[in-house]
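This report refers to the structure that appears directly beneath it.
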There are 2 protein chains.
Amino acid sequence: MAKRKPKVQRPKALPPRGFRDYFGEDVRARAAMLDKITGVYHAYGFDPLETSAVETVEALGKFLPDVDRPNEGVFAWQDEDESWMALRYDLTAPLARVYAQFRNDLPTPYRRYATGPVWRNEKPGPGRFRQFYQCDADTVGTPTVAADAEICMMLSDALEAAGIAREDYIVRVNNRKVLNGVMEVAGVLDMSDLCKFEAERGIVLRAIDKLDRLGPEGVRALLGAGRKDESGDFTGGANLSDEQAEIIMGFMDARRESGGATCARLRELVQGSEIGLTGVQELETIAELSDTAGYGPARLLIDPSVVRGLGYYTGPVFEAELTFEILDEKGRKRQFGSVAGGGRYDDLVKRFTGQAVPATGVSIGVDRLRAALSMRGEATEGPRGPVIITVMDRDRMADYQAMVAELRNAGIRAEVYLGNPKNFGNQLKYADARNAPVAVIEGGDEHANGVVQLKDLALGKALAANITTNEEWKAQPAQIQIPRTALVSEVRKMLARVDHS
Amino acid sequence: MAKRKPKVQRPKALPPRGFRDYFGEDVRARAAMLDKITGVYHAYGFDPLETSAVETVEALGKFLPDVDRPNEGVFAWQDEDESWMALRYDLTAPLARVYAQFRNDLPTPYRRYATGPVWRNEKPGPGRFRQFYQCDADTVGTPTVAADAEICMMLSDALEAAGIAREDYIVRVNNRKVLNGVMEVAGVLDMSDLCKFEAERGIVLRAIDKLDRLGPEGVRALLGAGRKDESGDFTGGANLSDEQAEIIMGFMDARRESGGATCARLRELVQGSEIGLTGVQELETIAELSDTAGYGPARLLIDPSVVRGLGYYTGPVFEAELTFEILDEKGRKRQFGSVAGGGRYDDLVKRFTGQAVPATGVSIGVDRLRAALSMRGEATEGPRGPVIITVMDRDRMADYQAMVAELRNAGIRAEVYLGNPKNFGNQLKYADARNAPVAVIEGGDEHANGVVQLKDLALGKALAANITTNEEWKAQPAQIQIPRTALVSEVRKMLARVDHS
């Protein structure tokens, strides 16, 4: 047998780069938020679906904008039989696979919602994680633009249900068909040979998507010869002529005060392009339906600068932005930004079946929305911990367990201290770390006399910090002795006082 | 540009082998079950934790029994920087990593629960999936056997909260220390050189774990020269002598009617082994605590045949089995079997920190428990679908949307039909496929007269099947005309009738 090595190589206690963990209240708050959002989806008639986290690489397809990343932005590996499998990068590609697989058993249209983690093989960085949560709703099997309008209005309802105030968000809507029309007018799209200019169109799309970050000048450079960034890195451009670039820039600048005025302006810009005009008409219908339903331009706005990075969109695209200001890493004010996006993807199911299956949907970025809600001053007080039964006499563990069972049977969260009971101070420190409201103490004397001590830890904390001004509270002793038989009722009283303070 | 290929290679609309999807009510029922289980965990003072799905391979360690599988049973791949990452195979190894990483910020003991999918690179087969759900609770940082007893009792409560009847399950408890003691007595364990006989012990462990499946004879063969299975495949044995094998077999046979009697028998078997005696004493304490707390041997049983496959257990191990009978694939009666397991793993955190951090916990196999509940005759009626607003006039979509918004604002799940509205029969077929209780119909005439038709689809179904014997129901027309202004109140009435039928 090998001799013991002189020094053991220990694994690092870290997740892989770009991954993180969620603790306690974060997990509960996210679950509560998702319940509210999926509650809205459910009320709209959507049914839940949960697909596997792993898909075949061919089923996922290559639609991420990360063309120069390993495996084009997905985590992939080979199965024993050499076939490639990968972690899903969104919840839409798996839906397309599921619909294609089960299309004969599913209702048409199929409305489904889904919640879960997705994974992106991105370069990790501060605030950039490689696993994050999405919460999606999609309608598969109908081409009507009423479905897109419904998704946009439902998104609006979902954000408000999650706790975003009406004045704090806007859903912006655009249409890939209008963009295609503009590109056709500019001569970057040839309807008789869609593959022509494909590389150029990809660059144009990604450039427009960066308008927020690079400003008009940066986008203009990318439409032309290319752009050098602050670090000196050069990004190749689409090499459009000045006239072509102007047409594209004009498109991004087409937003007017009302949806109607914007659509009128877009109609001028795509004059002569059939697909462009179809796109404008769809936007008009969305604006009409949402205005009539009371989701006016203050909530749902036609905005030609919205593109969305994913490659599979074919019609309306939308994005929800939170409009309140936050301070960025450098202390500068900026808007919180995008928390949800989606659009119509009529060809995603067709990849599998060969038959056109129109579809549209939205994805809410759950972690970003949670972060936004925290910033908007959600209740920050730590959640209440359990009642702690302290251990004064290690041999009477069964007695302490009887107490904790009584409390739990009465619906009160409670636990016996299971650390080393020797140092009583450590037990109270533990109770403090757990934010426990009450500690129960029963030493040998108490046990002999049929009593227990209840320590009001919330009051103790307040008294120690000298922050209580409530006379009634001050009059209360922080520790009282009660009959053992009154444990449940007295703990309940103490908890009620904590609740009302 | 490349010419279009004559035939397009389409991706297959299938998940990878061994993966599956969950639809509609399955997703909701599982979520409801997990809420009940985590509700019990929470009442016991446990806090939620959600770790990332991906860990470094070194942090996960190699503890699965699948020694001859690729990557020893995990899905693993290399990151850009050549480091290996993998999908977690359980929720315990990630907890050990988290505790090591955050040990200075977490309370001690740290009680946490977690829910989520785990992945195993197993050979897929009927009913064997490579992604499945677990729901765990663990107490980290305390060596007291009271923590193990608490976990076992909490497991019992959790199963009952999920809907398993008290007479339908049993939690069996054993102790690896006792097994080690038996192996020491048998001469397969040398306390002065723990690495000696490691391979033999691994085979013994896996053999005992297969007692259910192979019976005593099969286990006996594996303890000796090895065993040929029905297909003719040969599994190598531990090559123990007859005497050694007898000692191990006697251990598995040590169960008596009461925990006390079993422990007494075990005490005889491990005579002379210090670790074995410590293990027996721990089992005695667990039996004592659980008996006193009312979780007698009918729910919590000391049973030496329990081993658990995972390599990291160091003390008490436990397993919850459902005892009711089901028919297997071949129509034979058998017990449903294991739905949860766990144990003490005192060295898992030490791998990272070098310092001993004792820990114990349990994992419930969520999918198996769901399957068991379905078999036990959970309500099988399909869940109610949304109210469907049919579309008689495609140009009045805004009107239909106004109706659906009214219903939803009144808390009624509802949707507008968004498929092709041309064929009204298809709309009713869709409503049927969704299990919709009510359809709302408003054609041009109705609109002009300020009325709508409500179709009671549940009643319609019952009448069509001629299964209704309820006189009041028969007297009800399946379709009524109501004022448009009474939409919400009349739909509500109709739903109430469906509820009470």
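By order in the structure tokens, chains are A, B, ...; within a chain, residues start at 1; ligands start at 1, following the order shown.
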
Quick one: residues within 6 Å of region 356-358 of chain B, only C-alpha atoms counted, chain neighbours fewer than 4 positions away excluded, as a list in words?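 Listed by chain and then number, they are Gly141, Thr142, Pro143, Asp346, Val349 and Lys350 of chain B.
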
Would you write out those residues with N, CA and C atoms, as a compact mmCIF listing (two decimals), in the first residue's frame?
# COMPACT_ATOMS: atom_id res chain seq x y z
N GLY B 141 -21.98 20.65 12.07
CA GLY B 141 -21.22 21.28 13.15
C GLY B 141 -21.51 20.74 14.53
N THR B 142 -22.20 19.62 14.63
CA THR B 142 -22.43 19.03 15.95
C THR B 142 -22.28 17.52 15.89
N PRO B 143 -21.58 16.94 16.89
CA PRO B 143 -21.38 15.49 16.88
C PRO B 143 -22.49 14.74 17.61
N ASP B 346 -19.00 12.70 9.04
CA ASP B 346 -18.17 13.60 9.83
C ASP B 346 -16.92 14.08 9.12
N VAL B 349 -16.60 17.76 5.41
CA VAL B 349 -16.13 19.14 5.46
C VAL B 349 -14.61 19.17 5.70
N LYS B 350 -14.14 18.21 6.47
CA LYS B 350 -12.73 18.12 6.81
C LYS B 350 -11.86 18.03 5.55

Shell of 8 Å around region 320-324 of chain A, only C-alpha atoms, local chain residues under 4 positions omitted, as a list in words: Leu155, Asp168, Tyr169, Ile170, Val171, Arg172, Gln335, Phe336, Gly337, Ser338, Val339, Ala340 and Gly341 of chain A

Please, could you write that set of residues out with N, CA and C atoms as an mmCIF file, in the first residue's frame?
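Below is the file that was written, result05.cif:
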data_model
loop_
_atom_site.group_PDB
_atom_site.id
_atom_site.type_symbol
_atom_site.label_atom_id
_atom_site.label_comp_id
_atom_site.auth_asym_id
_atom_site.auth_seq_id
_atom_site.Cartn_x
_atom_site.Cartn_y
_atom_site.Cartn_z
ATOM 1 N N LEU A 155 -46.778 40.541 -19.052
ATOM 2 C CA LEU A 155 -45.481 40.913 -18.490
ATOM 3 C C LEU A 155 -45.645 42.112 -17.564
ATOM 4 N N ASP A 168 -42.440 52.734 -12.379
ATOM 5 C CA ASP A 168 -41.029 52.348 -12.317
ATOM 6 C C ASP A 168 -40.584 51.419 -13.444
ATOM 7 N N TYR A 169 -41.474 51.134 -14.397
ATOM 8 C CA TYR A 169 -41.051 50.247 -15.480
ATOM 9 C C TYR A 169 -41.709 50.666 -16.786
ATOM 10 N N ILE A 170 -41.155 50.156 -17.870
ATOM 11 C CA ILE A 170 -41.769 50.351 -19.182
ATOM 12 C C ILE A 170 -41.482 49.104 -20.020
ATOM 13 N N VAL A 171 -42.492 48.663 -20.764
ATOM 14 C CA VAL A 171 -42.294 47.553 -21.693
ATOM 15 C C VAL A 171 -42.146 48.166 -23.088
ATOM 16 N N ARG A 172 -40.975 48.003 -23.709
ATOM 17 C CA ARG A 172 -40.726 48.546 -25.043
ATOM 18 C C ARG A 172 -40.922 47.449 -26.077
ATOM 19 N N GLN A 335 -30.094 54.315 -15.083
ATOM 20 C CA GLN A 335 -31.334 53.573 -14.904
ATOM 21 C C GLN A 335 -31.014 52.119 -14.603
ATOM 22 N N PHE A 336 -31.899 51.461 -13.847
ATOM 23 C CA PHE A 336 -31.639 50.072 -13.495
ATOM 24 C C PHE A 336 -31.530 49.195 -14.734
ATOM 25 N N GLY A 337 -32.424 49.426 -15.719
ATOM 26 C CA GLY A 337 -32.302 48.726 -17.001
ATOM 27 C C GLY A 337 -33.170 47.482 -17.136
ATOM 28 N N SER A 338 -32.799 46.657 -18.099
ATOM 29 C CA SER A 338 -33.641 45.536 -18.540
ATOM 30 C C SER A 338 -33.765 44.437 -17.491
ATOM 31 N N VAL A 339 -34.997 43.947 -17.281
ATOM 32 C CA VAL A 339 -35.227 42.798 -16.405
ATOM 33 C C VAL A 339 -35.987 41.678 -17.108
ATOM 34 N N ALA A 340 -36.442 41.925 -18.331
ATOM 35 C CA ALA A 340 -37.197 40.889 -19.047
ATOM 36 C C ALA A 340 -37.153 41.178 -20.530
ATOM 37 N N GLY A 341 -37.278 40.124 -21.318
ATOM 38 C CA GLY A 341 -37.303 40.324 -22.762
ATOM 39 C C GLY A 341 -37.914 39.125 -23.436
#

Determine which residues of region 144-212 of chain A receive a DSSP assignment of strand (DSSP E), computed from the backbone, and state them as a ChimeraX atom specification. /A:169-175

Within 6 Å of chain A, which residues of chain B are there when counting only C-alpha atoms? Please give them as a PyMOL selection string. chain B and resi 10-11+13+15-16+20-24+43-45+47-52+55-56+58-59+77+97+100-101+109+142+289+352+386+398+413-415+419

Just the selected residues (C-alpha atoms), exported as a compact mmCIF listing (two decimals), in the first residue's frame, please.
# COMPACT_ATOMS: atom_id res chain seq x y z
CA ARG B 10 -33.18 18.15 -38.73
CA PRO B 11 -32.41 17.84 -35.02
CA ALA B 13 -37.12 16.35 -30.99
CA PRO B 15 -34.20 15.02 -24.74
CA PRO B 16 -30.86 13.23 -24.21
CA ARG B 20 -37.52 13.68 -19.20
CA ASP B 21 -40.00 16.55 -18.92
CA TYR B 22 -42.75 17.28 -16.41
CA PHE B 23 -46.06 18.78 -17.51
CA GLY B 24 -48.81 20.83 -15.93
CA ALA B 43 -40.70 24.39 11.59
CA TYR B 44 -37.73 22.41 12.93
CA GLY B 45 -35.60 25.56 12.64
CA ASP B 47 -33.04 27.54 6.88
CA PRO B 48 -33.06 27.26 3.08
CA LEU B 49 -29.86 27.14 1.01
CA GLU B 50 -29.52 26.93 -2.73
CA THR B 51 -26.12 26.11 -4.14
CA SER B 52 -25.14 26.26 -7.81
CA GLU B 55 -19.23 22.43 -8.76
CA THR B 56 -15.56 21.82 -9.32
CA GLU B 58 -12.37 18.31 -6.76
CA ALA B 59 -14.97 19.89 -4.47
CA TRP B 77 -16.36 18.76 -18.51
CA ARG B 97 -18.20 22.95 0.26
CA ALA B 100 -16.21 25.08 4.57
CA GLN B 101 -16.35 28.30 2.55
CA PRO B 109 -24.76 24.20 14.39
CA THR B 142 -22.43 19.03 15.95
CA LEU B 289 -34.84 9.45 22.17
CA PHE B 352 -11.62 21.13 2.68
CA PRO B 386 -59.29 28.34 -17.51
CA ALA B 398 -60.20 44.17 -27.99
CA ARG B 413 -58.52 32.15 -14.39
CA ALA B 414 -59.45 32.97 -17.99
CA GLU B 415 -58.06 33.34 -21.49
CA GLY B 419 -55.85 29.79 -32.28

For the structure I just gave you, how does DSSP split region 273-400 of chain A - specifically, which residues are helix (DSSP H, G or I)? Reply as a compact mmCIF listing (two decimals) with C-alpha atoms, in the first residue's frame.
# COMPACT_ATOMS: atom_id res chain seq x y z
CA GLU A 274 -43.25 44.33 -48.01
CA ILE A 275 -41.89 42.63 -44.90
CA GLY A 276 -41.21 46.03 -43.35
CA LEU A 277 -44.80 47.14 -43.89
CA THR A 278 -46.14 43.90 -42.40
CA GLY A 279 -43.99 44.58 -39.35
CA VAL A 280 -45.33 48.11 -38.95
CA GLN A 281 -48.90 46.84 -39.22
CA GLU A 282 -48.23 44.30 -36.45
CA LEU A 283 -46.85 47.05 -34.21
CA GLU A 284 -49.97 49.13 -34.90
CA THR A 285 -52.18 46.23 -33.81
CA ILE A 286 -50.18 45.72 -30.62
CA ALA A 287 -50.40 49.44 -29.80
CA GLU A 288 -54.14 49.41 -30.50
CA LEU A 289 -54.90 46.34 -28.39
CA SER A 290 -52.81 47.47 -25.47
CA ASP A 291 -54.10 51.04 -25.55
CA THR A 292 -57.69 49.79 -25.56
CA LYS A 350 -39.81 24.24 -37.57
CA ARG A 351 -36.14 23.28 -37.08
CA PHE A 352 -37.42 19.96 -35.74
CA THR A 353 -40.60 19.32 -37.68
CA VAL A 366 -35.42 36.58 -11.93
CA ASP A 367 -32.15 37.49 -10.21
CA ARG A 368 -32.07 41.00 -11.68
CA LEU A 369 -35.69 41.58 -10.70
CA ARG A 370 -34.92 40.39 -7.16
CA ALA A 371 -31.95 42.75 -7.00
CA ALA A 372 -34.17 45.61 -8.18
CA LEU A 373 -36.79 44.88 -5.52
CA SER A 374 -34.13 44.82 -2.81
CA MET A 375 -32.87 48.20 -3.99
CA ARG A 394 -27.33 17.16 28.46
CA ASP A 395 -28.86 14.04 30.01
CA ARG A 396 -32.38 15.41 29.75
CA MET A 397 -32.36 15.77 25.97
CA ALA A 398 -35.64 13.83 25.80
CA ASP A 399 -37.34 16.48 28.00
CA TYR A 400 -36.11 19.29 25.77

For CA of Glu406 (chain B) and CA of Thr485 (chain B), the interatomic separation in Å (one decimal):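 The value is 10.3 Å.
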
So that I can see what lies close to Asp136 (chain B), please list as a list in words the residues with an atom at most 7 Å from it, counting only C-alpha atoms and leaving out residues fewer than 3 positions away in the same chain.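 Counting only the stated atoms, we get Leu91, Tyr113, Ala114, Thr115, Val362, Ser363 and Ile364 of chain B.
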
Spatial neighbours of Glu257 (chain B), max dist 10 Å, only C-alpha atoms, sep filter under 4 positions, as a PyMOL selection string: chain B and resi 261-262+297+301-302

For N, CA and C atoms, I'd like the residues from the last selection saved as a PDB file, in the first residue's frame.
ATOM      1  N   ALA B 261     -33.511  -4.970  21.970  1.00  0.00           N
ATOM      2  CA  ALA B 261     -33.073  -6.344  21.726  1.00  0.00           C
ATOM      3  C   ALA B 261     -32.082  -6.397  20.568  1.00  0.00           C
ATOM      4  N   THR B 262     -32.335  -5.616  19.514  1.00  0.00           N
ATOM      5  CA  THR B 262     -31.406  -5.581  18.387  1.00  0.00           C
ATOM      6  C   THR B 262     -30.048  -5.076  18.843  1.00  0.00           C
ATOM      7  N   PRO B 297     -40.876   1.849  17.488  1.00  0.00           N
ATOM      8  CA  PRO B 297     -40.309   0.975  16.453  1.00  0.00           C
ATOM      9  C   PRO B 297     -41.237   0.736  15.262  1.00  0.00           C
ATOM     10  N   LEU B 301     -37.084   2.226  13.300  1.00  0.00           N
ATOM     11  CA  LEU B 301     -36.648   0.886  13.659  1.00  0.00           C
ATOM     12  C   LEU B 301     -35.132   0.744  13.502  1.00  0.00           C
ATOM     13  N   ILE B 302     -34.470   0.176  14.515  1.00  0.00           N
ATOM     14  CA  ILE B 302     -33.053  -0.149  14.385  1.00  0.00           C
ATOM     15  C   ILE B 302     -32.952  -1.398  13.507  1.00  0.00           C
TER      16      ILE B 302
END

Please indicate the distance in Å from CA of Gly226 (chain B) to CA of Glu198 (chain B), rounded to one decimal place.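 Taking CA of Gly226 (chain B) as the start and CA of Glu198 (chain B) as the end point, the length is 16.9 Å.
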
Tell me which protein, DNA and RNA residues are within 10 Å of Gly343 (chain A), counting only C-alpha atoms, leaving out same-chain ones fewer than 6 positions away, and put them as a PDB file with N, CA and C atoms, in the first residue's frame.
ATOM      1  N   ASP A 138     -44.863  31.412 -22.647  1.00  0.00           N
ATOM      2  CA  ASP A 138     -44.879  31.373 -24.104  1.00  0.00           C
ATOM      3  C   ASP A 138     -46.203  30.834 -24.609  1.00  0.00           C
ATOM      4  N   ASP A 148     -48.892  38.164 -29.075  1.00  0.00           N
ATOM      5  CA  ASP A 148     -47.757  39.000 -28.658  1.00  0.00           C
ATOM      6  C   ASP A 148     -48.231  40.105 -27.718  1.00  0.00           C
ATOM      7  N   ILE A 151     -48.890  38.710 -24.296  1.00  0.00           N
ATOM      8  CA  ILE A 151     -47.653  38.469 -23.554  1.00  0.00           C
ATOM      9  C   ILE A 151     -47.130  39.776 -22.955  1.00  0.00           C
ATOM     10  N   CYS A 152     -47.159  40.858 -23.750  1.00  0.00           N
ATOM     11  CA  CYS A 152     -46.654  42.152 -23.255  1.00  0.00           C
ATOM     12  C   CYS A 152     -47.478  42.663 -22.079  1.00  0.00           C
ATOM     13  N   VAL A 173     -41.566  47.799 -27.178  1.00  0.00           N
ATOM     14  CA  VAL A 173     -41.879  46.808 -28.202  1.00  0.00           C
ATOM     15  C   VAL A 173     -41.338  47.250 -29.548  1.00  0.00           C
ATOM     16  N   ASN A 174     -40.715  46.340 -30.255  1.00  0.00           N
ATOM     17  CA  ASN A 174     -40.256  46.601 -31.618  1.00  0.00           C
ATOM     18  C   ASN A 174     -40.621  45.386 -32.466  1.00  0.00           C
ATOM     19  N   ASN A 175     -40.149  45.342 -33.702  1.00  0.00           N
ATOM     20  CA  ASN A 175     -40.483  44.211 -34.572  1.00  0.00           C
ATOM     21  C   ASN A 175     -39.302  43.932 -35.506  1.00  0.00           C
ATOM     22  N   ARG A 176     -38.822  42.702 -35.467  1.00  0.00           N
ATOM     23  CA  ARG A 176     -37.706  42.314 -36.326  1.00  0.00           C
ATOM     24  C   ARG A 176     -38.053  42.506 -37.802  1.00  0.00           C
ATOM     25  N   VAL A 307     -33.825  45.600 -29.822  1.00  0.00           N
ATOM     26  CA  VAL A 307     -33.458  44.572 -30.796  1.00  0.00           C
ATOM     27  C   VAL A 307     -33.495  43.168 -30.193  1.00  0.00           C
ATOM     28  N   ARG A 308     -32.975  42.989 -28.992  1.00  0.00           N
ATOM     29  CA  ARG A 308     -32.765  41.683 -28.352  1.00  0.00           C
ATOM     30  C   ARG A 308     -31.639  40.931 -29.053  1.00  0.00           C
ATOM     31  N   LEU A 310     -30.792  37.623 -29.026  1.00  0.00           N
ATOM     32  CA  LEU A 310     -30.909  36.249 -29.503  1.00  0.00           C
ATOM     33  C   LEU A 310     -31.245  36.177 -30.982  1.00  0.00           C
ATOM     34  N   TYR A 312     -32.995  33.979 -32.720  1.00  0.00           N
ATOM     35  CA  TYR A 312     -34.135  33.242 -33.255  1.00  0.00           C
ATOM     36  C   TYR A 312     -35.411  34.051 -33.433  1.00  0.00           C
ATOM     37  N   TYR A 313     -35.401  35.337 -33.097  1.00  0.00           N
ATOM     38  CA  TYR A 313     -36.629  36.128 -33.207  1.00  0.00           C
ATOM     39  C   TYR A 313     -36.979  36.451 -34.659  1.00  0.00           C
ATOM     40  N   THR A 314     -38.285  36.448 -34.934  1.00  0.00           N
ATOM     41  CA  THR A 314     -38.729  36.670 -36.318  1.00  0.00           C
ATOM     42  C   THR A 314     -39.757  37.785 -36.456  1.00  0.00           C
ATOM     43  N   GLY A 315     -40.329  38.277 -35.358  1.00  0.00           N
ATOM     44  CA  GLY A 315     -41.381  39.295 -35.452  1.00  0.00           C
ATOM     45  C   GLY A 315     -41.272  40.286 -34.316  1.00  0.00           C
ATOM     46  N   PRO A 316     -42.388  40.522 -33.593  1.00  0.00           N
ATOM     47  CA  PRO A 316     -42.319  41.449 -32.463  1.00  0.00           C
ATOM     48  C   PRO A 316     -41.254  41.014 -31.450  1.00  0.00           C
ATOM     49  N   VAL A 317     -40.505  41.971 -30.944  1.00  0.00           N
ATOM     50  CA  VAL A 317     -39.582  41.713 -29.826  1.00  0.00           C
ATOM     51  C   VAL A 317     -39.895  42.737 -28.746  1.00  0.00           C
ATOM     52  N   PHE A 318     -39.708  42.347 -27.481  1.00  0.00           N
ATOM     53  CA  PHE A 318     -40.015  43.281 -26.405  1.00  0.00           C
ATOM     54  C   PHE A 318     -39.031  43.144 -25.262  1.00  0.00           C
ATOM     55  N   GLU A 319     -39.043  44.174 -24.452  1.00  0.00           N
ATOM     56  CA  GLU A 319     -38.065  44.271 -23.381  1.00  0.00           C
ATOM     57  C   GLU A 319     -38.714  45.084 -22.278  1.00  0.00           C
ATOM     58  N   ALA A 359     -44.739  31.029 -32.704  1.00  0.00           N
ATOM     59  CA  ALA A 359     -44.685  31.056 -31.242  1.00  0.00           C
ATOM     60  C   ALA A 359     -44.172  32.401 -30.771  1.00  0.00           C
ATOM     61  N   THR A 360     -44.547  32.749 -29.559  1.00  0.00           N
ATOM     62  CA  THR A 360     -44.086  34.011 -28.971  1.00  0.00           C
ATOM     63  C   THR A 360     -44.021  33.852 -27.462  1.00  0.00           C
ATOM     64  N   GLY A 361     -43.141  34.614 -26.824  1.00  0.00           N
ATOM     65  CA  GLY A 361     -43.026  34.462 -25.383  1.00  0.00           C
ATOM     66  C   GLY A 361     -42.113  35.479 -24.737  1.00  0.00           C
ATOM     67  N   VAL A 362     -42.050  35.411 -23.418  1.00  0.00           N
ATOM     68  CA  VAL A 362     -41.250  36.369 -22.660  1.00  0.00           C
ATOM     69  C   VAL A 362     -40.478  35.639 -21.572  1.00  0.00           C
ATOM     70  N   SER A 363     -39.337  36.194 -21.209  1.00  0.00           N
ATOM     71  CA  SER A 363     -38.501  35.639 -20.161  1.00  0.00           C
ATOM     72  C   SER A 363     -38.148  36.742 -19.166  1.00  0.00           C
TER      73      SER A 363
END

If we count only C-alpha atoms, what is near Glu243 (chain A) at a cut-off of 12 Å, once residues fewer than 3 positions away on the same chain are taken out, given as a PDB file with C-alpha atoms, in the first residue's frame?
ATOM      1  CA  MET A 183     -32.231  46.575 -43.965  1.00  0.00           C
ATOM      2  CA  VAL A 185     -34.360  49.404 -47.979  1.00  0.00           C
ATOM      3  CA  ALA A 186     -30.698  49.955 -47.051  1.00  0.00           C
ATOM      4  CA  GLY A 187     -29.695  47.069 -49.331  1.00  0.00           C
ATOM      5  CA  VAL A 188     -28.308  44.814 -46.576  1.00  0.00           C
ATOM      6  CA  ARG A 220     -22.368  54.349 -36.123  1.00  0.00           C
ATOM      7  CA  LEU A 223     -22.093  49.999 -38.847  1.00  0.00           C
ATOM      8  CA  GLY A 224     -19.127  51.376 -40.772  1.00  0.00           C
ATOM      9  CA  ASN A 239     -18.725  48.065 -43.611  1.00  0.00           C
ATOM     10  CA  LEU A 240     -21.974  49.732 -44.650  1.00  0.00           C
ATOM     11  CA  GLU A 246     -27.806  56.625 -42.124  1.00  0.00           C
ATOM     12  CA  ILE A 247     -30.911  54.591 -42.915  1.00  0.00           C
ATOM     13  CA  ILE A 248     -30.195  52.255 -39.997  1.00  0.00           C
ATOM     14  CA  MET A 249     -29.457  55.161 -37.645  1.00  0.00           C
ATOM     15  CA  GLY A 250     -32.689  56.835 -38.712  1.00  0.00           C
TER      16      GLY A 250
END
